[in-house]
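*Asks:* Once you've had a glance at the structure underneath, I'll fire off some questions.
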Amino acid sequence: MLPNDIKEKILGLINEEAYKASKKEDLLKIFVESENDENEFFAILDELAEDGDIFINKRGKVGSLEQYGMKKGKFRATKRGFGFVESEGDEKDVFIPEDDREGAFEGDIVIAKLTKEATETRRPEGVVVKILKRENETVVGLFQKSKAFGFVVPDNKKFDQDIFIPRNFISGAKNNDKVVCEIVVWPKEGKKPEGKIIEIIGQSGERYVEIDSIVRAHGLKEEFPKKVANQTAKIPDHILEDERKGRLNLVEETVYTIDGDDSKDFDDAIGVELLDNGHYRLGVHIADVTHYVTENSPLDKEALDRATSVYLVDKVIPMLPRELSNGICSLNPDVERLTLSCIMDVNPNNGNVENHTIKKSIIKSKARMTYTEISNLLENDDSQMMDKYADFVENLKNAEKLAEILRDRREKRGAIDFDFPESKIVLDSKGYPMKIEEYERRTSNKMIEEFMLLANETIAEHFYWLKFPFVYRVHEDPEEEKVQRLKNFINEYGYKMAMSKGKIRPKDLQKVLESIEDREAKQAIGTIMLRTLKQARYSPECLGHFGLAAQYYTHFTSPIRRYPDLQIHRIIKEHIDGNLSKDRIKHFSDLLEGVCNQSSTQEREAELAERDVDDYYKAVFMSDYVGEEFGGHISGVTSFGVFVELPNGVEGLIRLQELPDYFTYYENSMILVGEHTKAILKLGQRLRVKVSNVDIPTREIDFDLVTDIFNKKQENK
């Protein structure tokens with residue numbers, strides 16, 4: 001029988017610098033002693049090849065991908081046919097020409113063979129030689145019917161081939177139905193993919209059909225399986241007497257929730273008091289969701305599968321059934337709830353946490369407050385709110401002062417706050433978008449944000465030093481190449497970006513933003529700065545959080561809507577109870593990487609779905625304004641046009657083909673220059689535009705340029 005670590009040993013040998021590609025039989029002699037294990041060994045080699053960890057050529061020689069000049073990664077398609085392979089750890093993606101995709105589609109995991117090396121100005125070029133895993137087995141799109149067959153035109157334009165549907169796989173779909181199509185034959189040698197219709201969503205153009213199409217396209221599930229419903233039904237709606245044992249009783253403490261006006265689930269409550277020594281005691285109390293969502297239960301498996309709640313304009317797709325998220329797990333007012341509490345004593349002189357304790361607890365929230373109410377109270381001493389929350393005014397005033405101390409502490413260490421405006425789409429009673437307004441981050445929003453950040457940092461540092469397996473929220477340093485491009489871009493605007501000891505720090509970026517007074521320049525530099533940074537993700541390793549300038553960071557405060565929070569609650573509670581044995585530590589160590597990957601992936605999918613739904617409603621809203629003019633700023637510059645963002649967050653495209661000059665695109669500077677007029681289009685530039693076309697099905701908005709940029713002298717700083 002082969003040893004359990006045989007895969008690691010094979011990869012260890014193959015990845016050695018001195019190793020040369022060898023035949024399977026030669027490797028067999030090295031690793032296998034018994035003839036009985038030969039078939040198993042060859043099967044393991046084939047499995048490693050299927051996973052893309054090694055490559056076996058046509059002559060049966062086994063080598064690493066690097067030895068064969070190959071890269072494993074995710075294929076990213078473009079609307080124009082070509083694509084790129086993103087390989088983890090590589091700064092430059094591999095460019096794949098349209099004819100060399102070999103049937104790869106958006107999100108597929110592939111192996112690409114390099115055909116041209118990278119240069120200073122160009123990405124490496126390659127050809128897809130193997131598709132390891134398909135990202136999507138199903139596609140959402142518009143069904144087009146002919147007499148004997150049909151086609152599905154995918155909604156996702158990066159899936160750039162129509163899918164042929166034989167007559168016997170049409171499944172009752174009508175012309176112009178939105179459908180879910182399962183691909184049964186992938187494209188080869190120029191043939192189209194073939195599929196069968198497995199779900200009919202409804203007629204294209206109807207609002208609910210369009211939203212449901214987006215939900216299906218992102219693989220999101222609205223209904224919970226029967227096993228989950230059965231488990232949920234058995235959970236009591238109140239605390240049982242034996243559940244009080246071993247918990248800190250905070251029922252009499254002044255604790256309250258502050259959330260949005262329309263929030264239904266409350267997973268965090270706070271309380272602030274001023275101690276005799278002048279320090280602040282901040283209590284952050286989080287719903288003990290894991291008490292009800294037990295490990296490996298149907299509820300737990302479904303929660304991990306979803307990994308996050310998804311907040312769309314017109315509905316929420318929750319991670320947990322509403323009976324839990326709005327019921328026993330929600331810190332509703334005037335009822336006792338099980339919680340995990342992080343209680344911190346904060347020094348008012350520097351904002352540091354001098355002492356902290358982490359306990360299982362019971363609280364009773366004394367009030368359900370809203371951001372609007374408390375912001376009015378704190379900002380304006382609103383008399384109505386002062387009367388309504390008379391018993392809480394001192395607590396709230398202390399909370400406001402503490403939040404200012406904490407914010408000052410974060411700013412001093414270099415935390416970046418881009419403070420880009422966010423928009424909120426408001427629907428009428430019939431679900432039609434009646435306005436798009438700026439979402440305000442007022443005093444109470446920022447206050448709660450500071451408290452949650454502090455609790456997350458405190459928990460992360462506490463468990464980092466305990467050396468237990470844990471889930472961290474990480475935001476790694478940006479890549480050197482992107483930082484250099486950012487530095488050059490900033491220089492072209494006449495500003496300087498200092499770098500600390502040759503390495504970028506958050507404080508360096510913060511200083512640049514603070515030094516810019518010109519609105520256009522600040523908008524442009526802030527946009528490129530944001531694109532320079534990596535995406536935050538979940539990891540079992542504590543890698544720091546660049547944007548927050550935090551060495552230790554996790555997500556602890558939202559277990560109702562985020563699985564990583566729920567996961568670390570289990571570890572925290574087992575530590576508190578003294579049950580974190582060697583076996584349990586190994587158990588968590590083994591599963592956390594999978595939890596982190598799943599949570600990061602689903603978070604991205606939720607963000608994309610939320611953006612697509614926003615874009616749909618923005619298109620519907622702007623369809624009433626075709627022919628009208630608006631002011632805006634350039635938010636994106638491409639070789640085919642510029643994107644202009646209006647003050648309400650709506651973005652549209654000015655196509656270069658509609659302009660009376662030929663423009664050259666300078667990628668490093670992110671500008672377009674007119675060949676004859678020398679007119680310039682650049683990031684942040686203020687323009688006046690007219691809405692020329694709105695395509696609701698594709699969620700695309702076109703603008704015409706109104707500002708005359710051609711008859712006045714243009715200068716590029």
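By order in the structure tokens, chains are A, B, ...; within a chain, residues start at 1; ligands start at 1, following the order shown.
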List the neighbours of Pro298 of chain A out to 7 Å using only C-alpha atoms; skip same-chain residues closer than 4 positions along the sequence, and give me the result as a compact mmCIF listing (two decimals) with N, CA, C and O atoms, in the first residue's frame.

*Replies:*
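Result file around32.txt:
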```
# COMPACT_ATOMS: atom_id res chain seq x y z
N LYS A 227 -34.07 19.54 4.15
CA LYS A 227 -33.34 19.17 5.37
C LYS A 227 -33.03 20.39 6.23
O LYS A 227 -33.07 20.33 7.46
N VAL A 228 -32.70 21.50 5.56
CA VAL A 228 -32.41 22.74 6.28
C VAL A 228 -33.68 23.27 6.95
O VAL A 228 -33.66 23.70 8.11
N GLU A 302 -25.23 24.14 4.23
CA GLU A 302 -25.87 25.09 3.32
C GLU A 302 -25.29 26.49 3.51
O GLU A 302 -25.08 27.23 2.53
```

*Asks:* Do a neighbour search on Lys618 of chain A at 9 Å with only C-alpha atoms, toss out local chain neighbours closer than 6 positions, and write the hits as a PyMOL selection string.

*Replies:* chain A and resi 425+433+436+649-651+696+699+701

*Asks:* For the residues selected in the previous step, produce a file with N, CA and C atoms as a compact mmCIF listing (two decimals), in the first residue's frame.

*Replies:*
```txt
# COMPACT_ATOMS: atom_id res chain seq x y z
N ILE A 425 -30.29 53.03 -4.77
CA ILE A 425 -31.42 53.03 -5.70
C ILE A 425 -32.71 52.85 -4.89
N PRO A 433 -37.62 51.95 -10.26
CA PRO A 433 -36.67 52.89 -9.66
C PRO A 433 -37.14 54.33 -9.81
N ILE A 436 -32.23 57.77 -7.69
CA ILE A 436 -30.93 57.24 -7.29
C ILE A 436 -30.24 58.34 -6.52
N GLY A 649 -24.05 58.12 -9.61
CA GLY A 649 -23.39 56.82 -9.71
C GLY A 649 -23.65 56.08 -11.00
N VAL A 650 -24.52 56.59 -11.85
CA VAL A 650 -24.79 55.96 -13.15
C VAL A 650 -23.57 56.18 -14.05
N GLU A 651 -23.18 55.11 -14.75
CA GLU A 651 -22.02 55.18 -15.63
C GLU A 651 -22.45 54.85 -17.06
N ILE A 696 -31.63 48.16 -22.01
CA ILE A 696 -31.94 47.54 -20.71
C ILE A 696 -31.50 46.08 -20.66
N ARG A 699 -27.97 46.07 -20.10
CA ARG A 699 -27.65 46.96 -18.99
C ARG A 699 -26.55 47.96 -19.36
N ILE A 701 -25.46 51.79 -21.09
CA ILE A 701 -25.92 53.16 -21.31
C ILE A 701 -24.88 53.88 -22.17
```

*Asks:* Would you please extract all helix (DSSP H, G or I) residues from segment 218-377 of chain A, as assigned by DSSP on the backbone, and give them as a ChimeraX atom specification?

*Replies:* /A:226-233,241-244,289-291,298-306,322-328,371-377

*Asks:* Using only C-alpha atoms, please write the residues we just selected to a file, as a short mmCIF file (atom, residue, chain, number, x, y, z; two decimals), in the first residue's frame.

*Replies:*
```cif
data_model
loop_
_atom_site.label_atom_id
_atom_site.label_comp_id
_atom_site.auth_asym_id
_atom_site.auth_seq_id
_atom_site.Cartn_x
_atom_site.Cartn_y
_atom_site.Cartn_z
CA LYS A 226 -35.96 20.52 2.93
CA LYS A 227 -33.34 19.17 5.37
CA VAL A 228 -32.41 22.74 6.28
CA ALA A 229 -36.05 23.73 6.76
CA ASN A 230 -36.62 20.68 8.98
CA GLN A 231 -33.63 21.51 11.17
CA THR A 232 -34.66 25.16 11.41
CA ALA A 233 -38.20 24.22 12.47
CA GLU A 241 -32.75 27.49 30.92
CA ASP A 242 -29.79 25.11 30.54
CA GLU A 243 -28.33 27.35 27.80
CA ARG A 244 -27.53 30.00 30.40
CA VAL A 289 -25.19 31.89 15.70
CA THR A 290 -23.10 28.72 16.05
CA HIS A 291 -25.15 27.69 19.07
CA PRO A 298 -27.64 20.60 7.09
CA LEU A 299 -27.82 24.26 8.16
CA ASP A 300 -24.04 24.48 8.42
CA LYS A 301 -23.37 22.82 5.07
CA GLU A 302 -25.87 25.09 3.32
CA ALA A 303 -24.41 28.17 5.04
CA LEU A 304 -20.91 27.27 3.83
CA ASP A 305 -22.21 26.62 0.32
CA ARG A 306 -23.72 30.12 0.24
CA ARG A 322 -35.04 34.10 7.89
CA GLU A 323 -36.56 32.23 10.82
CA LEU A 324 -33.05 32.27 12.31
CA SER A 325 -31.55 35.49 10.92
CA ASN A 326 -34.60 37.58 11.85
CA GLY A 327 -35.55 35.46 14.88
CA ILE A 328 -33.55 33.69 17.59
CA TYR A 371 -28.44 55.28 11.80
CA THR A 372 -30.69 58.16 10.79
CA GLU A 373 -32.07 58.64 14.32
CA ILE A 374 -28.72 58.54 16.10
CA SER A 375 -26.95 60.68 13.50
CA ASN A 376 -29.68 63.31 13.92
CA LEU A 377 -29.24 63.11 17.70
#
```

*Asks:* Just give me the gap between atom CA of Leu687 of chain A and atom CA of Val644 of chain A in Å, one decimal is fine.

*Replies:*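 A separation of 8.0 Å between them.
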
*Asks:* Can you list, as a ChimeraX atom specification, every protein, DNA or RNA residue that comes within 10 Å of Arg207 of chain A when you count only C-alpha atoms, leaving out same-chain residues fewer than 4 positions away?

*Replies:* /A:203,211-213,431-432,616-617,620

*Asks:* Would you save the residues of that selection, restricted to N, CA and C atoms, as an mmCIF file, in the first residue's frame?

*Replies:*
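As a result, part_36.cif now contains:
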```cif
data_model
loop_
_atom_site.group_PDB
_atom_site.id
_atom_site.type_symbol
_atom_site.label_atom_id
_atom_site.label_comp_id
_atom_site.auth_asym_id
_atom_site.auth_seq_id
_atom_site.Cartn_x
_atom_site.Cartn_y
_atom_site.Cartn_z
ATOM 1 N N GLN A 203 -40.609 35.277 -19.561
ATOM 2 C CA GLN A 203 -40.422 36.104 -20.750
ATOM 3 C C GLN A 203 -39.450 37.260 -20.481
ATOM 4 N N ILE A 211 -34.310 40.018 -12.978
ATOM 5 C CA ILE A 211 -33.580 39.885 -11.707
ATOM 6 C C ILE A 211 -33.291 38.419 -11.414
ATOM 7 N N ASP A 212 -34.298 37.563 -11.630
ATOM 8 C CA ASP A 212 -34.085 36.125 -11.401
ATOM 9 C C ASP A 212 -33.021 35.561 -12.340
ATOM 10 N N SER A 213 -32.936 36.109 -13.548
ATOM 11 C CA SER A 213 -31.908 35.669 -14.504
ATOM 12 C C SER A 213 -30.517 35.990 -13.971
ATOM 13 N N GLY A 431 -42.012 48.593 -7.538
ATOM 14 C CA GLY A 431 -40.693 48.050 -7.855
ATOM 15 C C GLY A 431 -39.971 48.789 -8.959
ATOM 16 N N TYR A 432 -40.445 50.000 -9.303
ATOM 17 C CA TYR A 432 -39.796 50.784 -10.365
ATOM 18 C C TYR A 432 -38.834 51.779 -9.712
ATOM 19 N N TYR A 616 -28.877 46.965 -13.826
ATOM 20 C CA TYR A 616 -30.192 46.785 -14.452
ATOM 21 C C TYR A 616 -31.122 47.936 -14.055
ATOM 22 N N TYR A 617 -31.197 48.205 -12.750
ATOM 23 C CA TYR A 617 -32.108 49.252 -12.291
ATOM 24 C C TYR A 617 -31.649 50.637 -12.739
ATOM 25 N N VAL A 620 -32.869 50.925 -16.304
ATOM 26 C CA VAL A 620 -34.319 51.191 -16.313
ATOM 27 C C VAL A 620 -34.577 52.656 -15.953
#
```

*Asks:* With only C-alpha atoms as the counted atoms, please give the residues lying no more than 8 Å from Leu378 of chain A, apart from itself and same-chain residues fewer than 2 positions off, as a PyMOL selection string.

*Replies:* chain A and resi 374-376+380-382+396-397+400+443-444

*Asks:* Could those residues be written to a file, using C-alpha atoms, as a compact mmCIF listing (two decimals), in the first residue's frame?

*Replies:*
```
# COMPACT_ATOMS: atom_id res chain seq x y z
CA ILE A 374 -28.72 58.54 16.10
CA SER A 375 -26.95 60.68 13.50
CA ASN A 376 -29.68 63.31 13.92
CA ASN A 380 -28.03 68.18 15.53
CA ASP A 381 -29.10 67.46 19.14
CA ASP A 382 -32.47 66.59 17.58
CA LEU A 396 -24.23 57.62 22.92
CA LYS A 397 -22.18 60.78 23.55
CA GLU A 400 -19.23 59.32 19.69
CA THR A 443 -21.77 60.03 12.27
CA SER A 444 -23.48 56.92 13.62
```

*Asks:* What lies within 10 Å of Cys342 of chain A using only C-alpha atoms, ignoring chain neighbours under 6 positions off, as an MDAnalysis selection string?

*Replies:* chainID A and resid 270 282:286 356:361 454:456 458:459 556:557

*Asks:* Write out as a ChimeraX atom specification each polymer residue whose atoms come within 7 Å of Arg562 of chain A, counting only C-alpha atoms; drop sequence neighbours fewer than 5 positions from it.

*Replies:* /A:307-309

*Asks:* With only C-alpha atoms as the atoms that count, which of A:Met622, A:Val706, A:Ile343, A:Val251 lies nearest to Val272 of chain A?

*Replies:* A:Ile343

*Asks:* If you run DSSP on this backbone, which residues of segment 371-570 of chain A come out as strand (DSSP E or B), and could you give them as a PyMOL selection string?

*Replies:* chain A and resi 422-427+433-439+472-475+500+503+537-539+545+550+562

*Asks:* List as a PDB file with all heavy atoms, in the first residue's frame the protein and nucleic acid residues near Gly202 of chain A, meaning an atom at most 12 Å away when only C-alpha atoms are counted, but skip any in the same chain fewer than 6 places from it.

*Replies:*
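Saved to out.pdb:
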```pdb
ATOM      1  N   VAL A 140     -27.194  31.080 -18.358  1.00  0.00           N
ATOM      2  CA  VAL A 140     -28.482  31.773 -18.424  1.00  0.00           C
ATOM      3  C   VAL A 140     -28.483  32.649 -19.668  1.00  0.00           C
ATOM      4  O   VAL A 140     -27.500  33.330 -19.968  1.00  0.00           O
ATOM      5  CB  VAL A 140     -28.704  32.637 -17.173  1.00  0.00           C
ATOM      6  CG1 VAL A 140     -29.980  33.463 -17.311  1.00  0.00           C
ATOM      7  CG2 VAL A 140     -28.777  31.756 -15.931  1.00  0.00           C
ATOM      8  N   GLY A 141     -29.581  32.603 -20.425  1.00  0.00           N
ATOM      9  CA  GLY A 141     -29.620  33.417 -21.631  1.00  0.00           C
ATOM     10  C   GLY A 141     -31.001  33.502 -22.246  1.00  0.00           C
ATOM     11  O   GLY A 141     -31.998  33.043 -21.672  1.00  0.00           O
ATOM     12  N   LEU A 142     -31.038  34.109 -23.422  1.00  0.00           N
ATOM     13  CA  LEU A 142     -32.287  34.334 -24.153  1.00  0.00           C
ATOM     14  C   LEU A 142     -32.473  33.228 -25.191  1.00  0.00           C
ATOM     15  O   LEU A 142     -31.586  32.985 -26.008  1.00  0.00           O
ATOM     16  CB  LEU A 142     -32.228  35.699 -24.848  1.00  0.00           C
ATOM     17  CG  LEU A 142     -33.481  36.146 -25.591  1.00  0.00           C
ATOM     18  CD1 LEU A 142     -34.599  36.468 -24.613  1.00  0.00           C
ATOM     19  CD2 LEU A 142     -33.164  37.369 -26.460  1.00  0.00           C
ATOM     20  N   PHE A 143     -33.633  32.570 -25.156  1.00  0.00           N
ATOM     21  CA  PHE A 143     -33.914  31.482 -26.092  1.00  0.00           C
ATOM     22  C   PHE A 143     -34.485  32.035 -27.397  1.00  0.00           C
ATOM     23  O   PHE A 143     -35.439  32.810 -27.407  1.00  0.00           O
ATOM     24  CB  PHE A 143     -34.901  30.486 -25.480  1.00  0.00           C
ATOM     25  CG  PHE A 143     -35.237  29.347 -26.404  1.00  0.00           C
ATOM     26  CD1 PHE A 143     -34.270  28.415 -26.769  1.00  0.00           C
ATOM     27  CD2 PHE A 143     -36.524  29.212 -26.928  1.00  0.00           C
ATOM     28  CE1 PHE A 143     -34.575  27.376 -27.629  1.00  0.00           C
ATOM     29  CE2 PHE A 143     -36.843  28.172 -27.775  1.00  0.00           C
ATOM     30  CZ  PHE A 143     -35.857  27.242 -28.135  1.00  0.00           C
ATOM     31  N   GLY A 172     -40.035  22.843 -23.953  1.00  0.00           N
ATOM     32  CA  GLY A 172     -41.222  23.700 -23.853  1.00  0.00           C
ATOM     33  C   GLY A 172     -40.930  25.188 -23.829  1.00  0.00           C
ATOM     34  O   GLY A 172     -41.849  25.997 -23.640  1.00  0.00           O
ATOM     35  N   ALA A 173     -39.682  25.591 -24.017  1.00  0.00           N
ATOM     36  CA  ALA A 173     -39.346  27.018 -24.008  1.00  0.00           C
ATOM     37  C   ALA A 173     -39.947  27.723 -25.220  1.00  0.00           C
ATOM     38  O   ALA A 173     -40.024  27.155 -26.306  1.00  0.00           O
ATOM     39  CB  ALA A 173     -37.834  27.197 -23.996  1.00  0.00           C
ATOM     40  N   LYS A 174     -40.365  28.978 -25.000  1.00  0.00           N
ATOM     41  CA  LYS A 174     -40.929  29.791 -26.076  1.00  0.00           C
ATOM     42  C   LYS A 174     -39.908  30.838 -26.517  1.00  0.00           C
ATOM     43  O   LYS A 174     -38.971  31.163 -25.786  1.00  0.00           O
ATOM     44  CB  LYS A 174     -42.205  30.485 -25.594  1.00  0.00           C
ATOM     45  CG  LYS A 174     -43.321  29.520 -25.210  1.00  0.00           C
ATOM     46  CD  LYS A 174     -44.481  30.279 -24.592  1.00  0.00           C
ATOM     47  CE  LYS A 174     -45.560  29.309 -24.098  1.00  0.00           C
ATOM     48  NZ  LYS A 174     -46.634  30.014 -23.361  1.00  0.00           N
ATOM     49  N   ASN A 175     -40.130  31.362 -27.702  1.00  0.00           N
ATOM     50  CA  ASN A 175     -39.239  32.389 -28.223  1.00  0.00           C
ATOM     51  C   ASN A 175     -39.164  33.575 -27.256  1.00  0.00           C
ATOM     52  O   ASN A 175     -40.169  34.013 -26.704  1.00  0.00           O
ATOM     53  CB  ASN A 175     -39.737  32.870 -29.589  1.00  0.00           C
ATOM     54  CG  ASN A 175     -38.629  33.508 -30.398  1.00  0.00           C
ATOM     55  OD1 ASN A 175     -37.501  33.024 -30.400  1.00  0.00           O
ATOM     56  ND2 ASN A 175     -38.938  34.593 -31.074  1.00  0.00           N
ATOM     57  N   ASN A 176     -37.933  34.065 -27.013  1.00  0.00           N
ATOM     58  CA  ASN A 176     -37.664  35.199 -26.118  1.00  0.00           C
ATOM     59  C   ASN A 176     -37.872  34.875 -24.641  1.00  0.00           C
ATOM     60  O   ASN A 176     -37.970  35.789 -23.816  1.00  0.00           O
ATOM     61  CB  ASN A 176     -38.490  36.438 -26.499  1.00  0.00           C
ATOM     62  CG  ASN A 176     -37.997  37.057 -27.790  1.00  0.00           C
ATOM     63  OD1 ASN A 176     -36.798  37.027 -28.087  1.00  0.00           O
ATOM     64  ND2 ASN A 176     -38.909  37.599 -28.586  1.00  0.00           N
ATOM     65  N   ASP A 177     -37.930  33.606 -24.312  1.00  0.00           N
ATOM     66  CA  ASP A 177     -37.898  33.216 -22.901  1.00  0.00           C
ATOM     67  C   ASP A 177     -36.477  33.350 -22.364  1.00  0.00           C
ATOM     68  O   ASP A 177     -35.505  33.055 -23.065  1.00  0.00           O
ATOM     69  CB  ASP A 177     -38.332  31.753 -22.725  1.00  0.00           C
ATOM     70  CG  ASP A 177     -39.827  31.597 -22.535  1.00  0.00           C
ATOM     71  OD1 ASP A 177     -40.507  32.618 -22.306  1.00  0.00           O
ATOM     72  OD2 ASP A 177     -40.315  30.455 -22.616  1.00  0.00           O
ATOM     73  N   LYS A 178     -36.374  33.778 -21.105  1.00  0.00           N
ATOM     74  CA  LYS A 178     -35.090  33.660 -20.399  1.00  0.00           C
ATOM     75  C   LYS A 178     -35.043  32.249 -19.823  1.00  0.00           C
ATOM     76  O   LYS A 178     -35.997  31.794 -19.168  1.00  0.00           O
ATOM     77  CB  LYS A 178     -34.994  34.690 -19.278  1.00  0.00           C
ATOM     78  CG  LYS A 178     -34.566  36.073 -19.756  1.00  0.00           C
ATOM     79  CD  LYS A 178     -33.134  36.047 -20.281  1.00  0.00           C
ATOM     80  CE  LYS A 178     -32.627  37.427 -20.642  1.00  0.00           C
ATOM     81  NZ  LYS A 178     -32.288  38.231 -19.471  1.00  0.00           N
ATOM     82  N   VAL A 179     -33.920  31.544 -20.066  1.00  0.00           N
ATOM     83  CA  VAL A 179     -33.830  30.136 -19.682  1.00  0.00           C
ATOM     84  C   VAL A 179     -32.480  29.851 -19.023  1.00  0.00           C
ATOM     85  O   VAL A 179     -31.528  30.619 -19.146  1.00  0.00           O
ATOM     86  CB  VAL A 179     -33.991  29.208 -20.910  1.00  0.00           C
ATOM     87  CG1 VAL A 179     -35.342  29.401 -21.571  1.00  0.00           C
ATOM     88  CG2 VAL A 179     -32.859  29.431 -21.911  1.00  0.00           C
ATOM     89  N   VAL A 180     -32.446  28.709 -18.326  1.00  0.00           N
ATOM     90  CA  VAL A 180     -31.179  28.149 -17.845  1.00  0.00           C
ATOM     91  C   VAL A 180     -30.872  26.951 -18.727  1.00  0.00           C
ATOM     92  O   VAL A 180     -31.711  26.062 -18.893  1.00  0.00           O
ATOM     93  CB  VAL A 180     -31.262  27.716 -16.366  1.00  0.00           C
ATOM     94  CG1 VAL A 180     -29.912  27.171 -15.900  1.00  0.00           C
ATOM     95  CG2 VAL A 180     -31.702  28.877 -15.488  1.00  0.00           C
ATOM     96  N   TYR A 208     -39.116  40.919 -12.801  1.00  0.00           N
ATOM     97  CA  TYR A 208     -38.747  39.797 -11.938  1.00  0.00           C
ATOM     98  C   TYR A 208     -37.963  38.740 -12.714  1.00  0.00           C
ATOM     99  O   TYR A 208     -37.073  38.082 -12.172  1.00  0.00           O
ATOM    100  CB  TYR A 208     -40.000  39.178 -11.294  1.00  0.00           C
ATOM    101  CG  TYR A 208     -40.630  40.078 -10.260  1.00  0.00           C
ATOM    102  CD1 TYR A 208     -41.865  40.679 -10.478  1.00  0.00           C
ATOM    103  CD2 TYR A 208     -39.960  40.340  -9.060  1.00  0.00           C
ATOM    104  CE1 TYR A 208     -42.435  41.521  -9.535  1.00  0.00           C
ATOM    105  CE2 TYR A 208     -40.527  41.181  -8.102  1.00  0.00           C
ATOM    106  CZ  TYR A 208     -41.754  41.769  -8.346  1.00  0.00           C
ATOM    107  OH  TYR A 208     -42.299  42.606  -7.409  1.00  0.00           O
ATOM    108  N   VAL A 209     -38.283  38.593 -13.970  1.00  0.00           N
ATOM    109  CA  VAL A 209     -37.564  37.635 -14.811  1.00  0.00           C
ATOM    110  C   VAL A 209     -36.109  38.080 -14.977  1.00  0.00           C
ATOM    111  O   VAL A 209     -35.177  37.268 -14.884  1.00  0.00           O
ATOM    112  CB  VAL A 209     -38.248  37.477 -16.187  1.00  0.00           C
ATOM    113  CG1 VAL A 209     -37.388  36.650 -17.132  1.00  0.00           C
ATOM    114  CG2 VAL A 209     -39.624  36.833 -16.020  1.00  0.00           C
ATOM    115  N   GLU A 210     -35.903  39.371 -15.222  1.00  0.00           N
ATOM    116  CA  GLU A 210     -34.544  39.889 -15.411  1.00  0.00           C
ATOM    117  C   GLU A 210     -33.714  39.728 -14.135  1.00  0.00           C
ATOM    118  O   GLU A 210     -32.545  39.336 -14.186  1.00  0.00           O
ATOM    119  CB  GLU A 210     -34.582  41.364 -15.832  1.00  0.00           C
ATOM    120  CG  GLU A 210     -35.241  41.608 -17.184  1.00  0.00           C
ATOM    121  CD  GLU A 210     -34.522  40.902 -18.337  1.00  0.00           C
ATOM    122  OE1 GLU A 210     -33.296  40.744 -18.276  1.00  0.00           O
ATOM    123  OE2 GLU A 210     -35.204  40.520 -19.309  1.00  0.00           O
ATOM    124  N   ILE A 211     -34.310  40.018 -12.978  1.00  0.00           N
ATOM    125  CA  ILE A 211     -33.580  39.885 -11.707  1.00  0.00           C
ATOM    126  C   ILE A 211     -33.291  38.419 -11.414  1.00  0.00           C
ATOM    127  O   ILE A 211     -32.169  38.051 -11.017  1.00  0.00           O
ATOM    128  CB  ILE A 211     -34.376  40.524 -10.543  1.00  0.00           C
ATOM    129  CG1 ILE A 211     -34.599  42.017 -10.800  1.00  0.00           C
ATOM    130  CG2 ILE A 211     -33.642  40.308  -9.226  1.00  0.00           C
ATOM    131  CD1 ILE A 211     -33.353  42.827 -11.016  1.00  0.00           C
ATOM    132  N   ASP A 212     -34.298  37.563 -11.630  1.00  0.00           N
ATOM    133  CA  ASP A 212     -34.085  36.125 -11.401  1.00  0.00           C
ATOM    134  C   ASP A 212     -33.021  35.561 -12.340  1.00  0.00           C
ATOM    135  O   ASP A 212     -32.273  34.655 -11.978  1.00  0.00           O
ATOM    136  CB  ASP A 212     -35.401  35.355 -11.583  1.00  0.00           C
ATOM    137  CG  ASP A 212     -36.344  35.531 -10.405  1.00  0.00           C
ATOM    138  OD1 ASP A 212     -35.899  36.085  -9.384  1.00  0.00           O
ATOM    139  OD2 ASP A 212     -37.527  35.135 -10.507  1.00  0.00           O
ATOM    140  N   SER A 213     -32.936  36.109 -13.548  1.00  0.00           N
ATOM    141  CA  SER A 213     -31.908  35.669 -14.504  1.00  0.00           C
ATOM    142  C   SER A 213     -30.517  35.990 -13.971  1.00  0.00           C
ATOM    143  O   SER A 213     -29.585  35.186 -14.085  1.00  0.00           O
ATOM    144  CB  SER A 213     -32.113  36.343 -15.865  1.00  0.00           C
ATOM    145  OG  SER A 213     -33.331  35.925 -16.444  1.00  0.00           O
TER     146      SER A 213
END
```

*Asks:* From the options A:Leu65, A:Val127, A:Val642, A:Ile44, which residue's atoms come nearest to Gly83 of chain A, counting only C-alpha atoms?

*Replies:*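 Using only C-alpha atoms, the shortest distance to Gly83 of chain A belongs to A:Val127.
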